[in-house]
Amino acid sequence: MSHLTEKLDTLYQRHRALSTNIDWGYHRLLPWERGRNFNDHPWAPDQGTLSPELTLAVETAMLTEVNLPWFTHGLSTIFESGPSALKQFVHTWTREEDQHARILDVYLLLSRNGDPDARDQVRKTVVETGWQAEDTDPFALMVYTSLQELATRVFYLNLARSVEDGDAVLANILRALAKDETLHYTFYRDATKAYIEEDPSRLATVCRVIPKFVMPGFGMPDFTRRIRVIGSHAGYGLPAYYEQVLKTVQRFWGVLEHEMSSTTRDARLALDKYLYRMRRVISRTSSPVSG
Ligand SMILES: [Fe+2]
Ligand SMILES: [Fe+2]
């Protein structure tokens, strides 16, 4: 067994132990007492507990999570020829992600936040559209999923803070989801690091994936408006992505500290340009961020 395979096995076993410790069931977190029959008590916009903007943010989270069948399909296809720990992780990860869309969807129905008929239509469109990974290289996908899991974690925690006063039950649900996302991120982050340690020229792939990153829900209707509303009302815009996601993973993998080589130079210079542009956009649109 190679050192890398051994390391991935250890990371997978650690994930299983940690996720067992924080395991939760969606039936215990939902406010069932708020439920009413939609046929006898039709939905009206004033019945919810959240503003339209925060409702849109929760709906966007649900509409992203609901594509799990396609994420599982994509990940298991791309990791097919990879180490067995990665393939096993996709199974365990699917088990954990399985209740994410469901708890958000049922919460929205019980709390009467958002039009259930309109949402039902969008959800069906999203699932029918599906999802495909941008890159079919297993290592590039690991870099992508590290960013995506951390981005989702930060989004849920920031959204939890924004909804706390309006609906503490929802804040609690979002924090339970964020704990799962933290462990998912940790697995992919450490797996990526192990691959980089085995072959530092893989940093070229890291530098190439970062500028192309978009959240997996980017294909859903109205995505650009949703992102804008989430940025202005749910505490998760470009500054949060830059400070809490990008800088965190870059620091952990030593992306910017690593000396450039002939294989990493072009990708690294393109990344530097991308980060420079991002900092300029952020400083033009909000309070200054540190470099
Ligand atoms: Fe999730
Ligand atoms: Fe996740």
# chains A, B, ... in the order shown; residues from 1 in each chain; ligands from 1
call {"tool": "residues_around", "arguments": {"residues": "segment 143-149 of chain A", "least_positions_apart": "2", "cutoff": "6 Å", "atoms": "only C-alpha atoms", "output": "PyMOL selection string"}}
result
chain A and resi 140-141+151-152+181+185+188-189
call {"tool": "write_last_selection", "arguments": {"atoms": "C-alpha atoms", "output": "short mmCIF file (atom, residue, chain, number, x, y, z; two decimals), in the first residue's frame"}}
result
data_model
loop_
_atom_site.label_atom_id
_atom_site.label_comp_id
_atom_site.auth_asym_id
_atom_site.auth_seq_id
_atom_site.Cartn_x
_atom_site.Cartn_y
_atom_site.Cartn_z
CA ALA A 140 -9.13 18.73 -9.66
CA LEU A 141 -12.48 17.50 -8.38
CA ALA A 151 -18.16 27.66 0.95
CA THR A 152 -21.36 25.81 1.93
CA GLU A 181 -20.15 20.42 5.80
CA TYR A 185 -14.49 20.01 3.86
CA TYR A 188 -11.31 16.80 1.04
CA ARG A 189 -8.93 19.50 2.31
#
call {"tool": "select_by_dssp", "arguments": {"residues": "segment 6-135 of chain A", "states": "alpha helix (DSSP H)", "output": "ChimeraX atom specification"}}
result
/A:6-21,26-29,52-65,68-78,84-111,116-129
call {"tool": "closest_atom_pairs", "arguments": {"of": "chain A", "to": "ligand 2", "cutoff": "12 Å", "atoms": "only C-alpha atoms and all ligand atoms", "output": "JSON lines"}}
result
{"residue": "A:Ser19", "atom": "CA", "partner": "ligand 2", "partner_atom_place_in_ligand_line": "1 (Fe)", "distance": 11.7}
{"residue": "A:Ala61", "atom": "CA", "partner": "ligand 2", "partner_atom_place_in_ligand_line": "1 (Fe)", "distance": 11.6}
{"residue": "A:Thr64", "atom": "CA", "partner": "ligand 2", "partner_atom_place_in_ligand_line": "1 (Fe)", "distance": 10.9}
{"residue": "A:Glu65", "atom": "CA", "partner": "ligand 2", "partner_atom_place_in_ligand_line": "1 (Fe)", "distance": 8.7}
{"residue": "A:Val66", "atom": "CA", "partner": "ligand 2", "partner_atom_place_in_ligand_line": "1 (Fe)", "distance": 11.9}
{"residue": "A:Leu68", "atom": "CA", "partner": "ligand 2", "partner_atom_place_in_ligand_line": "1 (Fe)", "distance": 9.9}
{"residue": "A:Phe71", "atom": "CA", "partner": "ligand 2", "partner_atom_place_in_ligand_line": "1 (Fe)", "distance": 10.5}
{"residue": "A:Thr72", "atom": "CA", "partner": "ligand 2", "partner_atom_place_in_ligand_line": "1 (Fe)", "distance": 11.4}
{"residue": "A:Phe89", "atom": "CA", "partner": "ligand 2", "partner_atom_place_in_ligand_line": "1 (Fe)", "distance": 11.5}
{"residue": "A:Val90", "atom": "CA", "partner": "ligand 2", "partner_atom_place_in_ligand_line": "1 (Fe)", "distance": 10.5}
{"residue": "A:Thr92", "atom": "CA", "partner": "ligand 2", "partner_atom_place_in_ligand_line": "1 (Fe)", "distance": 10.8}
{"residue": "A:Trp93", "atom": "CA", "partner": "ligand 2", "partner_atom_place_in_ligand_line": "1 (Fe)", "distance": 7.1}
{"residue": "A:Thr94", "atom": "CA", "partner": "ligand 2", "partner_atom_place_in_ligand_line": "1 (Fe)", "distance": 8.6}
{"residue": "A:Arg95", "atom": "CA", "partner": "ligand 2", "partner_atom_place_in_ligand_line": "1 (Fe)", "distance": 10.4}
{"residue": "A:Glu96", "atom": "CA", "partner": "ligand 2", "partner_atom_place_in_ligand_line": "1 (Fe)", "distance": 7.8}
{"residue": "A:Glu97", "atom": "CA", "partner": "ligand 2", "partner_atom_place_in_ligand_line": "1 (Fe)", "distance": 6.0}
{"residue": "A:Asp98", "atom": "CA", "partner": "ligand 2", "partner_atom_place_in_ligand_line": "1 (Fe)", "distance": 9.8}
{"residue": "A:Gln99", "atom": "CA", "partner": "ligand 2", "partner_atom_place_in_ligand_line": "1 (Fe)", "distance": 10.8}
{"residue": "A:His100", "atom": "CA", "partner": "ligand 2", "partner_atom_place_in_ligand_line": "1 (Fe)", "distance": 8.7}
{"residue": "A:Ala101", "atom": "CA", "partner": "ligand 2", "partner_atom_place_in_ligand_line": "1 (Fe)", "distance": 11.0}
{"residue": "A:Thr145", "atom": "CA", "partner": "ligand 2", "partner_atom_place_in_ligand_line": "1 (Fe)", "distance": 8.5}
{"residue": "A:Ser146", "atom": "CA", "partner": "ligand 2", "partner_atom_place_in_ligand_line": "1 (Fe)", "distance": 9.4}
{"residue": "A:Leu147", "atom": "CA", "partner": "ligand 2", "partner_atom_place_in_ligand_line": "1 (Fe)", "distance": 10.6}
{"residue": "A:Gln148", "atom": "CA", "partner": "ligand 2", "partner_atom_place_in_ligand_line": "1 (Fe)", "distance": 8.0}
{"residue": "A:Glu149", "atom": "CA", "partner": "ligand 2", "partner_atom_place_in_ligand_line": "1 (Fe)", "distance": 5.1}
{"residue": "A:Leu150", "atom": "CA", "partner": "ligand 2", "partner_atom_place_in_ligand_line": "1 (Fe)", "distance": 8.3}
{"residue": "A:Ala151", "atom": "CA", "partner": "ligand 2", "partner_atom_place_in_ligand_line": "1 (Fe)", "distance": 9.7}
{"residue": "A:Thr152", "atom": "CA", "partner": "ligand 2", "partner_atom_place_in_ligand_line": "1 (Fe)", "distance": 7.2}
{"residue": "A:Arg153", "atom": "CA", "partner": "ligand 2", "partner_atom_place_in_ligand_line": "1 (Fe)", "distance": 7.9}
{"residue": "A:Val154", "atom": "CA", "partner": "ligand 2", "partner_atom_place_in_ligand_line": "1 (Fe)", "distance": 11.5}
{"residue": "A:Phe155", "atom": "CA", "partner": "ligand 2", "partner_atom_place_in_ligand_line": "1 (Fe)", "distance": 11.8}
{"residue": "A:Tyr156", "atom": "CA", "partner": "ligand 2", "partner_atom_place_in_ligand_line": "1 (Fe)", "distance": 11.0}
{"residue": "A:Ala176", "atom": "CA", "partner": "ligand 2", "partner_atom_place_in_ligand_line": "1 (Fe)", "distance": 11.4}
{"residue": "A:Leu177", "atom": "CA", "partner": "ligand 2", "partner_atom_place_in_ligand_line": "1 (Fe)", "distance": 8.1}
{"residue": "A:Ala178", "atom": "CA", "partner": "ligand 2", "partner_atom_place_in_ligand_line": "1 (Fe)", "distance": 8.2}
{"residue": "A:Lys179", "atom": "CA", "partner": "ligand 2", "partner_atom_place_in_ligand_line": "1 (Fe)", "distance": 9.1}
{"residue": "A:Asp180", "atom": "CA", "partner": "ligand 2", "partner_atom_place_in_ligand_line": "1 (Fe)", "distance": 6.1}
{"residue": "A:Glu181", "atom": "CA", "partner": "ligand 2", "partner_atom_place_in_ligand_line": "1 (Fe)", "distance": 4.1}
{"residue": "A:Thr182", "atom": "CA", "partner": "ligand 2", "partner_atom_place_in_ligand_line": "1 (Fe)", "distance": 7.6}
{"residue": "A:Leu183", "atom": "CA", "partner": "ligand 2", "partner_atom_place_in_ligand_line": "1 (Fe)", "distance": 7.8}
{"residue": "A:His184", "atom": "CA", "partner": "ligand 2", "partner_atom_place_in_ligand_line": "1 (Fe)", "distance": 5.2}
{"residue": "A:Tyr185", "atom": "CA", "partner": "ligand 2", "partner_atom_place_in_ligand_line": "1 (Fe)", "distance": 7.1}
{"residue": "A:Thr186", "atom": "CA", "partner": "ligand 2", "partner_atom_place_in_ligand_line": "1 (Fe)", "distance": 10.2}
{"residue": "A:Phe187", "atom": "CA", "partner": "ligand 2", "partner_atom_place_in_ligand_line": "1 (Fe)", "distance": 10.3}
{"residue": "A:Tyr188", "atom": "CA", "partner": "ligand 2", "partner_atom_place_in_ligand_line": "1 (Fe)", "distance": 10.2}
{"residue": "A:Pro216", "atom": "CA", "partner": "ligand 2", "partner_atom_place_in_ligand_line": "1 (Fe)", "distance": 11.4}
call {"tool": "residues_around", "arguments": {"residues": "Pro83 of chain A", "least_positions_apart": "6", "cutoff": "9 Å", "atoms": "only C-alpha atoms", "output": "PyMOL selection string"}}
result
chain A and resi 5+8-9
call {"tool": "closest_residue", "arguments": {"among": "A:Arg202, A:Arg34, A:Arg284, A:Arg175", "to": "ligand 1", "atoms": "only C-alpha atoms and all ligand atoms"}}
result
A:Arg175
call {"tool": "atom_distance", "arguments": {"atom1": "atom CA of Glu243 of chain A", "atom2": "atom CA of Met278 of chain A"}}
result
11.1 Å
call {"tool": "closest_residue", "arguments": {"among": "A:Val169, A:Gly217, A:Thr285, A:Thr10", "to": "ligand 1", "atoms": "only C-alpha atoms and all ligand atoms"}}
result
A:Gly217
call {"tool": "residues_around", "arguments": {"residues": "Glu128 of chain A", "least_positions_apart": "6", "cutoff": "10 Å", "atoms": "only C-alpha atoms", "output": "compact mmCIF listing (two decimals) with N, CA and C atoms, in the first residue's frame"}}
result
# COMPACT_ATOMS: atom_id res chain seq x y z
N ASN A 67 -29.84 18.42 -5.66
CA ASN A 67 -29.24 17.73 -6.81
C ASN A 67 -28.30 16.59 -6.40
N TRP A 70 -27.27 13.70 -8.65
CA TRP A 70 -26.32 14.01 -9.72
C TRP A 70 -24.91 14.23 -9.19
N VAL A 122 -39.67 24.87 -9.38
CA VAL A 122 -38.23 25.14 -9.56
C VAL A 122 -37.43 23.90 -9.15
call {"tool": "closest_residue", "arguments": {"among": "A:Ala57, A:Leu4, A:Val249, A:Met260", "to": "Arg228 of chain A", "atoms": "only C-alpha atoms"}}
result
A:Ala57
